[in-house]
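As provided, input_35.txt (compact mmCIF, C-alpha atoms) reads as follows.
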# COMPACT_ATOMS: atom_id res chain seq x y z
CA MET A 261 133.83 116.02 117.02
CA ALA A 262 130.32 114.94 118.04
CA LYS A 263 129.07 111.75 116.44
CA GLN A 264 126.46 112.18 113.72
CA LYS A 265 122.94 110.78 114.14
CA VAL A 266 120.32 110.70 111.41
CA ALA A 267 116.54 111.03 111.78
CA MET A 268 113.87 110.96 109.11
CA LEU A 269 110.16 111.60 108.84
CA THR A 270 107.43 111.58 106.19
CA ALA A 271 104.55 114.04 106.35
CA GLY A 272 101.52 115.42 104.54
CA GLY A 273 99.48 113.30 102.14
CA LEU A 274 100.74 110.08 100.64
CA ALA A 275 102.62 109.86 97.34
CA PRO A 276 104.13 106.91 95.45
CA CYS A 277 107.65 107.60 96.72
CA LEU A 278 107.57 107.70 100.51
CA SER A 279 108.34 104.06 101.14
CA SER A 280 111.04 104.04 98.48
CA ALA A 281 112.62 107.28 99.73
CA VAL A 282 112.79 105.90 103.29
CA GLY A 283 114.31 102.70 101.96
CA GLY A 284 116.72 104.65 99.77
CA LEU A 285 117.96 106.80 102.65
CA ILE A 286 118.56 103.73 104.80
CA GLU A 287 120.44 102.01 101.97
CA ARG A 288 122.57 105.06 101.13
CA TYR A 289 123.62 105.75 104.71
CA THR A 290 124.38 102.06 105.20
CA ASP A 291 126.64 102.25 102.13
CA VAL A 292 128.52 105.48 102.82
CA ALA A 293 128.28 105.93 106.59
CA PRO A 294 127.38 102.54 108.11
CA ASP A 295 128.34 103.57 111.64
CA LEU A 296 125.75 106.36 111.83
CA GLU A 297 122.69 105.60 113.92
CA ILE A 298 119.38 106.14 112.11
CA ILE A 299 115.99 106.69 113.70
CA ALA A 300 112.59 107.43 112.16
CA TYR A 301 109.95 109.60 113.82
CA LYS A 302 106.50 108.06 113.49
CA SER A 303 103.65 110.03 111.90
CA GLY A 304 105.71 113.00 110.79
CA TYR A 305 106.17 116.04 113.01
CA GLN A 306 103.70 114.53 115.46
CA GLY A 307 106.33 111.92 116.27
CA VAL A 308 108.93 114.62 116.85
CA LEU A 309 106.68 116.51 119.28
CA LEU A 310 105.71 113.33 121.14
CA GLY A 311 109.15 111.72 121.04
CA ASP A 312 107.72 108.72 119.20
CA SER A 313 110.47 107.13 117.12
CA VAL A 314 111.87 103.80 116.02
CA VAL A 315 115.55 102.84 115.73
CA ILE A 316 116.48 101.47 112.32
CA SER A 317 118.00 98.13 113.29
CA LYS A 318 120.54 95.98 111.49
CA GLU A 319 117.72 93.75 110.27
CA MET A 320 115.78 96.75 108.94
CA ARG A 321 118.87 97.94 107.07
CA GLU A 322 119.31 94.53 105.45
CA LYS A 323 115.70 94.45 104.29
CA ALA A 324 115.45 98.12 103.30
CA PRO A 325 115.42 97.27 99.53
CA LEU A 326 112.00 95.69 100.07
CA LEU A 327 110.55 99.13 100.76
CA HIS A 328 110.86 100.02 97.06
CA ARG A 329 108.04 97.54 96.37
CA PHE A 330 105.42 99.33 98.46
CA GLY A 331 103.28 102.44 98.46
CA GLY A 332 102.24 104.34 101.58
CA SER A 333 104.74 105.28 104.27
CA PRO A 334 106.48 102.68 106.46
CA ILE A 335 106.84 105.29 109.21
CA GLY A 336 103.46 107.05 108.99
CA ASN A 337 102.33 110.56 108.09
CA SER A 338 100.41 113.45 109.63
CA ARG A 339 99.67 117.09 108.86
CA VAL A 340 101.21 119.15 111.67
CA LYS A 341 102.30 122.78 111.33
CA LEU A 342 104.90 123.65 113.97
CA THR A 343 104.07 127.36 113.79
CA ASN A 344 100.38 126.69 114.50
CA ALA A 345 100.58 126.39 118.28
CA ALA A 346 96.80 126.42 118.79
CA ASP A 347 96.32 123.40 116.55
CA CYS A 348 99.20 121.53 118.23
CA VAL A 349 97.65 122.22 121.65
CA LYS A 350 94.22 121.11 120.40
CA ARG A 351 95.69 117.81 119.25
CA GLY A 352 97.47 117.26 122.54
CA LEU A 353 100.91 117.45 120.95
CA VAL A 354 102.16 120.30 123.16
CA LYS A 355 100.96 121.97 126.33
CA GLU A 356 99.25 125.36 126.49
CA GLY A 357 101.88 128.09 126.26
CA GLU A 358 104.56 125.90 124.70
CA ASN A 359 106.18 126.81 121.38
CA PRO A 360 106.00 123.72 119.14
CA LEU A 361 109.19 124.77 117.34
CA ARG A 362 111.04 124.82 120.64
CA VAL A 363 109.53 121.49 121.73
CA ALA A 364 110.59 119.93 118.41
CA ALA A 365 114.09 121.43 118.58
CA GLU A 366 114.62 120.23 122.13
CA ARG A 367 113.37 116.76 121.24
CA LEU A 368 115.85 116.56 118.36
CA ALA A 369 118.65 117.85 120.58
CA ASN A 370 117.81 115.45 123.42
CA ASP A 371 117.69 112.56 120.94
CA GLY A 372 121.14 113.54 119.72
CA VAL A 373 119.97 114.11 116.14
CA THR A 374 122.40 116.05 113.95
CA ILE A 375 120.77 115.33 110.56
CA LEU A 376 117.02 115.44 109.85
CA HIS A 377 115.49 114.34 106.55
CA THR A 378 111.94 115.51 105.86
CA ILE A 379 110.12 113.77 103.01
CA GLY A 380 107.04 115.72 102.00
CA GLY A 381 105.45 118.45 99.92
CA ASP A 382 105.55 122.21 100.24
CA ASP A 383 103.84 122.21 103.64
CA THR A 384 106.26 119.63 105.02
CA ASN A 385 109.30 121.44 103.70
CA THR A 386 108.14 124.97 104.59
CA THR A 387 107.62 123.59 108.10
CA ALA A 388 111.13 122.14 107.86
CA ALA A 389 112.31 125.62 106.83
CA ASP A 390 110.65 127.14 109.91
CA LEU A 391 112.33 124.50 112.06
CA ALA A 392 115.73 124.98 110.40
CA ALA A 393 115.52 128.76 110.91
CA TYR A 394 114.60 128.30 114.58
CA LEU A 395 117.42 125.83 115.10
CA ALA A 396 119.97 128.16 113.48
CA ALA A 397 118.77 131.17 115.47
CA ASN A 398 119.08 129.20 118.72
CA ASN A 399 122.45 127.58 117.93
CA TYR A 400 121.25 124.00 117.61
CA ASN A 401 123.67 121.81 115.67
CA LEU A 402 121.31 120.30 113.09
CA THR A 403 121.28 119.98 109.29
CA VAL A 404 117.84 119.64 107.71
CA VAL A 405 117.56 118.21 104.18
CA GLY A 406 114.16 117.68 102.59
CA LEU A 407 113.02 115.56 99.66
CA PRO A 408 110.12 116.95 97.59
CA LYS A 409 107.04 114.73 97.54
CA THR A 410 103.70 115.59 96.00
CA VAL A 411 101.51 114.05 93.29
CA ASP A 412 100.47 117.60 92.33
CA ASN A 413 104.01 118.44 91.07
CA ASP A 414 103.48 122.01 92.26
CA VAL A 415 106.55 122.82 94.37
CA VAL A 416 108.42 126.02 93.45
CA PRO A 417 111.15 125.96 92.05
CA ILE A 418 111.39 122.17 91.61
CA ARG A 419 110.89 120.79 88.10
CA GLN A 420 109.63 117.34 89.08
CA SER A 421 108.46 116.23 92.53
CA LEU A 422 108.75 112.63 93.68
CA GLY A 423 105.73 110.39 93.05
CA ALA A 424 103.95 112.52 90.45
CA TRP A 425 104.92 110.43 87.42
CA THR A 426 103.69 107.27 89.12
CA ALA A 427 100.40 108.88 90.19
CA ALA A 428 99.67 109.86 86.58
CA GLU A 429 100.46 106.37 85.27
CA VAL A 430 98.39 104.62 87.95
CA GLY A 431 95.52 107.09 87.53
CA ALA A 432 95.45 106.19 83.83
CA HIS A 433 95.31 102.49 84.72
CA PHE A 434 92.43 103.23 87.11
CA PHE A 435 90.44 105.06 84.46
CA ASP A 436 91.10 102.47 81.77
CA ASN A 437 88.76 100.20 83.74
CA VAL A 438 86.31 102.92 84.76
CA SER A 439 85.88 104.08 81.16
CA ASN A 440 84.17 100.78 80.40
CA GLU A 441 81.23 102.04 82.50
CA GLN A 442 80.23 103.97 79.39
CA SER A 443 78.86 100.66 78.11
CA ALA A 444 76.63 100.09 81.16
CA ALA A 445 73.75 102.37 80.12
CA PRO A 446 72.75 104.80 77.34
CA ARG A 447 73.61 108.50 77.75
CA THR A 448 76.17 107.99 80.47
CA LEU A 449 78.31 110.83 81.83
CA VAL A 450 81.53 109.70 83.54
CA ILE A 451 83.57 112.25 85.49
CA HIS A 452 87.11 111.30 86.50
CA GLU A 453 88.20 113.49 89.42
CA VAL A 454 91.98 113.69 89.80
CA MET A 455 93.96 115.19 92.68
CA GLY A 456 95.38 118.71 92.31
CA ARG A 457 94.32 121.51 94.67
CA HIS A 458 95.92 124.48 92.91
CA CYS A 459 97.75 122.82 90.06
CA GLY A 460 96.35 120.91 87.09
CA TRP A 461 99.59 119.07 86.21
CA LEU A 462 98.44 115.68 87.54
CA THR A 463 95.06 115.82 85.77
CA ALA A 464 96.75 116.79 82.51
CA ALA A 465 99.48 114.15 82.94
CA THR A 466 96.90 111.48 83.80
CA ALA A 467 94.93 112.33 80.66
CA ARG A 468 98.15 112.12 78.66
CA ALA A 469 99.06 108.75 80.20
CA TYR A 470 95.55 107.43 79.55
CA LEU A 471 95.57 108.49 75.90
CA SER A 472 99.01 106.94 75.47
CA ARG A 473 97.88 103.73 77.17
CA THR A 474 94.81 103.31 74.95
CA LYS A 475 95.95 104.69 71.58
CA ASN A 476 97.12 101.36 70.17
CA TYR A 477 94.21 99.24 71.39
CA GLU A 478 92.57 97.07 68.73
CA TYR A 479 88.79 96.72 68.65
CA VAL A 480 86.15 94.58 66.94
CA ASP A 481 84.71 96.76 64.20
CA GLY A 482 81.00 97.45 64.45
CA LEU A 483 80.66 96.86 68.21
CA MET A 484 80.33 99.38 70.99
CA MET A 485 83.78 98.86 72.53
CA ASN A 486 85.73 101.23 70.32
CA ALA A 487 88.08 104.19 70.34
CA GLY A 488 85.18 106.61 70.80
CA LEU A 489 83.98 104.92 73.96
CA LYS A 490 87.54 105.05 75.39
CA SER A 491 88.03 108.73 74.50
CA ILE A 492 88.20 111.86 76.67
CA ASP A 493 85.81 114.69 75.80
CA ALA A 494 86.87 117.39 78.28
CA VAL A 495 89.68 118.30 80.67
CA TYR A 496 89.16 120.99 83.34
CA LEU A 497 92.07 122.42 85.36
CA PRO A 498 92.36 125.18 87.99
CA GLU A 499 94.44 127.23 85.52
CA MET A 500 91.77 127.18 82.82
CA ALA A 501 88.88 129.58 82.31
CA PHE A 502 85.54 127.77 82.51
CA ASP A 503 82.34 128.63 80.65
CA LEU A 504 79.64 126.27 81.94
CA GLN A 505 77.06 127.04 79.27
CA ALA A 506 79.45 126.76 76.33
CA GLU A 507 80.94 123.52 77.62
CA ALA A 508 77.52 122.06 78.34
CA GLU A 509 76.44 122.77 74.77
CA ARG A 510 79.62 121.20 73.38
CA LEU A 511 79.33 118.09 75.55
CA LYS A 512 75.62 117.70 74.83
CA GLU A 513 76.39 117.57 71.11
CA ILE A 514 78.89 114.78 71.86
CA MET A 515 76.37 112.98 74.08
CA ASP A 516 73.66 113.24 71.40
CA ARG A 517 76.04 111.89 68.76
CA THR A 518 77.85 109.13 70.66
CA GLY A 519 75.61 108.33 73.61
CA HIS A 520 78.27 109.11 76.22
CA ALA A 521 80.62 111.83 77.51
CA THR A 522 83.84 111.57 79.52
CA VAL A 523 85.29 114.39 81.60
CA PHE A 524 88.63 114.65 83.44
CA VAL A 525 88.53 117.28 86.19
CA SER A 526 91.10 118.43 88.71
CA GLU A 527 89.82 118.51 92.29
CA GLY A 528 90.83 122.18 92.39
CA ALA A 529 88.96 123.24 89.24
CA CYS A 530 86.40 125.96 90.09
CA LEU A 531 87.23 125.40 93.78
CA ASP A 532 87.10 129.09 94.73
CA ALA A 533 83.71 129.50 93.08
CA ILE A 534 82.31 126.41 94.81
CA VAL A 535 83.63 127.50 98.24
CA ALA A 536 82.22 131.01 97.76
CA GLU A 537 78.87 129.53 96.74
CA ARG A 538 78.70 127.36 99.87
CA GLU A 539 79.87 130.08 102.23
CA ALA A 540 77.28 132.45 100.76
CA ALA A 541 74.69 129.80 101.60
CA GLY A 542 75.85 129.89 105.23
CA GLU A 543 77.94 126.71 105.20
CA THR A 544 81.13 126.54 107.28
CA ILE A 545 84.02 125.23 105.18
CA LYS A 546 86.47 122.98 107.02
CA ARG A 547 90.18 123.83 106.82
CA ASP A 548 93.34 122.05 107.96
CA ALA A 549 96.19 123.26 110.18
CA PHE A 550 97.75 125.07 107.22
CA GLY A 551 94.52 126.95 106.44
CA HIS A 552 93.83 124.91 103.31
CA VAL A 553 90.24 124.00 102.51
CA LYS A 554 89.75 120.30 103.31
CA ILE A 555 89.24 119.47 99.69
CA ASP A 556 87.79 116.00 100.31
CA THR A 557 84.78 117.73 101.90
CA ILE A 558 84.09 119.88 98.82
CA ASN A 559 83.48 117.15 96.22
CA VAL A 560 84.36 119.12 93.10
CA GLY A 561 83.53 116.15 90.89
CA GLY A 562 80.05 116.08 92.42
CA TRP A 563 79.63 119.77 91.63
CA PHE A 564 80.47 119.16 87.97
CA GLN A 565 78.12 116.19 87.94
CA LYS A 566 75.30 118.31 89.33
CA GLN A 567 75.89 121.05 86.75
CA PHE A 568 76.30 118.83 83.70
CA ALA A 569 73.95 115.87 84.22
CA ASN A 570 70.77 117.84 83.54
CA LEU A 571 72.26 120.10 80.87
CA LEU A 572 73.43 117.05 78.91
CA ASN A 573 70.19 115.11 79.50
CA ALA A 574 72.30 112.29 80.88
CA GLU A 575 70.32 109.22 81.91
CA ARG A 576 73.16 108.09 84.14
CA SER A 577 76.12 109.94 85.64
CA LEU A 578 78.90 108.96 88.00
CA VAL A 579 82.02 110.45 89.55
CA GLN A 580 85.07 108.24 90.00
CA LYS A 581 88.11 109.47 91.96
CA SER A 582 91.50 107.96 91.28
CA GLY A 583 93.31 109.99 93.94
CA TYR A 584 93.72 107.53 96.81
CA PHE A 585 94.30 104.62 94.43
CA ALA A 586 97.03 106.54 92.60
CA ARG A 587 98.80 108.19 95.53
CA SER A 588 99.07 104.91 97.45
CA ALA A 589 100.91 103.06 94.67
CA ALA A 590 104.52 101.91 94.74
CA ALA A 591 106.93 104.08 92.72
CA ASN A 592 107.32 103.25 89.04
CA ALA A 593 110.67 102.96 87.22
CA ASP A 594 110.86 106.68 86.37
CA ASP A 595 110.21 107.72 89.96
CA LEU A 596 112.63 105.11 91.32
CA ARG A 597 115.42 106.68 89.25
CA LEU A 598 114.42 110.17 90.39
CA ILE A 599 114.24 109.05 94.03
CA GLN A 600 117.70 107.49 93.88
CA SER A 601 119.29 110.64 92.45
CA MET A 602 117.62 112.88 95.04
CA VAL A 603 118.42 110.51 97.92
CA ASP A 604 122.09 110.37 96.94
CA LEU A 605 122.28 114.17 96.88
CA ALA A 606 120.32 114.47 100.14
CA VAL A 607 122.79 112.22 101.97
CA GLU A 608 125.80 114.00 100.46
CA SER A 609 124.37 117.40 101.42
CA ALA A 610 123.51 116.25 104.95
CA LEU A 611 127.00 114.91 105.59
CA ASN A 612 128.43 118.21 104.29
CA LYS A 613 126.04 120.22 106.52
CA VAL A 614 124.14 121.82 103.63
CA SER A 615 120.46 122.35 104.49
CA GLY A 616 117.67 122.68 101.92
CA VAL A 617 115.46 120.62 99.61
CA THR A 618 116.90 118.44 96.85
CA GLY A 619 115.48 118.92 93.38
CA HIS A 620 116.04 120.07 89.82
CA ASP A 621 116.15 123.86 90.18
CA GLU A 622 114.09 125.53 87.44
CA ALA A 623 115.89 128.83 88.12
CA GLN A 624 119.23 127.16 87.34
CA ASN A 625 118.38 125.36 84.09
CA GLY A 626 117.06 122.29 85.88
CA LYS A 627 120.29 121.57 87.76
CA LEU A 628 119.92 118.96 90.50
CA ARG A 629 120.97 120.71 93.69
CA THR A 630 120.02 121.32 97.30
CA ILE A 631 117.69 124.30 97.02
CA GLU A 632 117.58 126.90 99.78
CA PHE A 633 114.57 126.57 102.10
CA PRO A 634 113.34 130.19 101.72
CA ARG A 635 112.80 129.55 97.99
CA ILE A 636 110.52 126.56 98.55
CA LYS A 637 106.79 127.18 98.27
CA GLY A 638 103.70 125.43 96.97
CA GLY A 639 100.98 126.24 94.49
CA LYS A 640 103.12 126.33 91.33
CA PRO A 641 100.60 126.51 88.48
CA PHE A 642 100.70 124.15 85.53
CA ASP A 643 101.95 125.85 82.37
CA LEU A 644 99.16 125.49 79.83
CA SER A 645 101.60 126.31 77.02
CA THR A 646 103.44 123.02 77.63
CA LYS A 647 103.79 121.30 74.26
CA TRP A 648 102.52 117.88 75.35
CA PHE A 649 99.42 119.44 76.91
CA ALA A 650 98.56 121.16 73.64
CA GLU A 651 98.80 117.74 71.97
CA VAL A 652 96.49 116.22 74.59
CA MET A 653 93.90 118.94 74.11
CA GLU A 654 94.08 118.64 70.33
CA THR A 655 93.22 114.96 70.73
CA VAL A 656 90.41 115.81 73.15
CA GLY A 657 89.06 118.44 70.75
CA GLN A 658 88.59 121.16 73.36
CA LYS A 659 89.53 124.81 73.04
CA TYR A 660 90.87 126.43 76.22
CA GLN A 661 92.43 129.54 77.66
CA GLU A 662 94.05 130.58 80.94
CA VAL A 663 92.06 132.07 83.80
As structure tokens, what does this structure read like?
Amino acid sequence: MAKQKVAMLTAGGLAPCLSSAVGGLIERYTDVAPDLEIIAYKSGYQGVLLGDSVVISKEMREKAPLLHRFGGSPIGNSRVKLTNAADCVKRGLVKEGENPLRVAAERLANDGVTILHTIGGDDTNTTAADLAAYLAANNYNLTVVGLPKTVDNDVVPIRQSLGAWTAAEVGAHFFDNVSNEQSAAPRTLVIHEVMGRHCGWLTAATARAYLSRTKNYEYVDGLMMNAGLKSIDAVYLPEMAFDLQAEAERLKEIMDRTGHATVFVSEGACLDAIVAEREAAGETIKRDAFGHVKIDTINVGGWFQKQFANLLNAERSLVQKSGYFARSAAANADDLRLIQSMVDLAVESALNKVSGVTGHDEAQNGKLRTIEFPRIKGGKPFDLSTKWFAEVMETVGQKYQEV
């Protein structure tokens, strides 16, 4: 029987779980299969294509628990789609005429890898699915087990993706400071832009975490620093219908009465309308290797600022984005527990040659299992009927309906 060899990679955007998941995999294999060699490919699938990897040494294994203290990825990320040959050629990752899937498969085979762990979101794991299918069709002996990472919490059919809870908590911490900007000038509009391309879960969960964080604050009666100044006046998500005029009138009444207005907006809210508006004006919209609009070039928060500032007669307006601050954090206690459970299952599945993505399967009553790759996809919408979201919106005082 051929000796097993483990490889891992992290890919896509950052989330507050990558470092901990890498550390957890190293720890678990060291516990249950200490003789297995472990390597890590640097910068995701780019490292696989270029053969750029690092051997996890004895010293690294001993210090692996330290990785739970950090955000980011200790082995680096990239966005590479193995079925997009043109993009891989453009980046210099493969030669003209080469099939990136074949290059990756041969690299893994030549490196003697029998188990590959991919830690990433839907793009990372759908790419892993493409790779797993290619490997199976071409008789490569490799088990691929993914761990679901995304602050958006939008992976079908997984109930809770790694890092999302932390991102919401840290985003709330971020805005707790930013909200004090309401005291810097009269008639101030503050827009908090939160990550979430297609799914509003993180924006909603960040608003919930912020309201929970601030609800028991005590204030000096009669002064400006009060519950009203720390409130949220609007939440806009991709799943919600949006009436600019009606919302402007509602927020202006709040601005006239209190002297400030606070808006939480998902970076994907009204995205299609904004992209269509810019393309109609002749602008070329940048997209990544997966065909997604490069959302950091769109500036959704800026669009809302432009629409609302004049309609509210705001004397001052600003957009603050918690995304990079939140996604780069170290995992919190809730995510650490979730990471450990998924890592343990990932290692067990890998050693038993079961490929897929670990997660709580919503189609099987939330059972933690290794979910089949063909069922993994992104863009799961946030359910606006979720009880805690209704409670958030009741506190905000905003009526809403689905798109």
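Comparing the minimum interatomic distances between Ala324 in chain A and each of A:Ile299, A:Ala487, A:Ile286, A:Val349, counting only C-alpha atoms, we find that A:Ile286 sits nearest.
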Task: All residues 10 Å or closer to His328 in chain A, only C-alpha atoms, same chain fewer than 2 positions away omitted, as number ranges by chain - done: A: 276-284, 324-326, 330-331, 590-592, 596
Enumerate, in order of chain and increasing residue number, the residues of range 383-464 of chain A with an atom no farther than 12 Å from range 360-364 of chain A, each with its shortest atom pair and distance in Å to one decimal, counting all atoms listed in the file, as JSON lines.
{"residue": "A:Thr387", "atom": "CA", "partner": "A:Leu361", "partner_atom": "CA", "distance": 9.4}
{"residue": "A:Ala388", "atom": "CA", "partner": "A:Leu361", "partner_atom": "CA", "distance": 10.0}
{"residue": "A:Ala389", "atom": "CA", "partner": "A:Leu361", "partner_atom": "CA", "distance": 11.0}
{"residue": "A:Asp390", "atom": "CA", "partner": "A:Leu361", "partner_atom": "CA", "distance": 7.9}
{"residue": "A:Leu391", "atom": "CA", "partner": "A:Leu361", "partner_atom": "CA", "distance": 6.1}
{"residue": "A:Ala392", "atom": "CA", "partner": "A:Leu361", "partner_atom": "CA", "distance": 9.5}
{"residue": "A:Ala393", "atom": "CA", "partner": "A:Leu361", "partner_atom": "CA", "distance": 9.9}
{"residue": "A:Tyr394", "atom": "CA", "partner": "A:Leu361", "partner_atom": "CA", "distance": 7.0}
{"residue": "A:Leu395", "atom": "CA", "partner": "A:Arg362", "partner_atom": "CA", "distance": 8.5}
{"residue": "A:Ala396", "atom": "CA", "partner": "A:Arg362", "partner_atom": "CA", "distance": 11.9}
{"residue": "A:Ala397", "atom": "CA", "partner": "A:Arg362", "partner_atom": "CA", "distance": 11.3}
{"residue": "A:Asn398", "atom": "CA", "partner": "A:Arg362", "partner_atom": "CA", "distance": 9.4}
{"residue": "A:Tyr400", "atom": "CA", "partner": "A:Arg362", "partner_atom": "CA", "distance": 10.7}
{"residue": "A:Leu402", "atom": "CA", "partner": "A:Ala364", "partner_atom": "CA", "distance": 12.0}
Contacts between range 455-478 of chain A and range 261-375 of chain A, please, where a residue of range 261-375 of chain A counts if it comes within 12 Å (with only C-alpha atoms); show its shortest atom pair and distance in Å to one decimal, rows by chain and ascending number, as a Markdown table.
| residue | atom | partner | partner_atom | distance |
| --- | --- | --- | --- | --- |
| A:Gly273 | CA | A:Met455 | CA | 11.1 |
| A:Leu274 | CA | A:Met455 | CA | 11.6 |
| A:Ala275 | CA | A:Met455 | CA | 11.2 |
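The coordinates place CA of Ser338 in chain A at 24.0 Å from CA of Glu297 in chain A.
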Task: Within-12 Å shell of (120.9, 97.2, 109.9) in input frame, only C-alpha atoms, as a ChimeraX atom specification - done: /A:283,286-291,293-299,315-325
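Ranking A:Ala508, A:Ala589, A:Val560, A:Ala536 by their shortest atom-to-atom distance to Glu429 in chain A, with all atoms listed in the file included, puts A:Ala589 first.
Reported to one decimal place, the separation of CA of Ala365 in chain A from CA of Lys613 in chain A is 17.0 Å.
Residue nearest Met485 in chain A, chosen from A:Glu358, A:Glu537, A:Glu441, A:Asp503 and counting only C-alpha atoms: A:Glu441.
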Open item on the list: Using only C-alpha atoms for the distances, tell me which of A:Ala549, A:Lys640, A:Phe502, A:Glu539 is nearest to Arg351 in chain A.
Closed with: A:Ala549
Task: Computed interatomic separation between CA of Val656 in chain A and CA of Ser439 in chain A (Å) - done: 14.9 Å
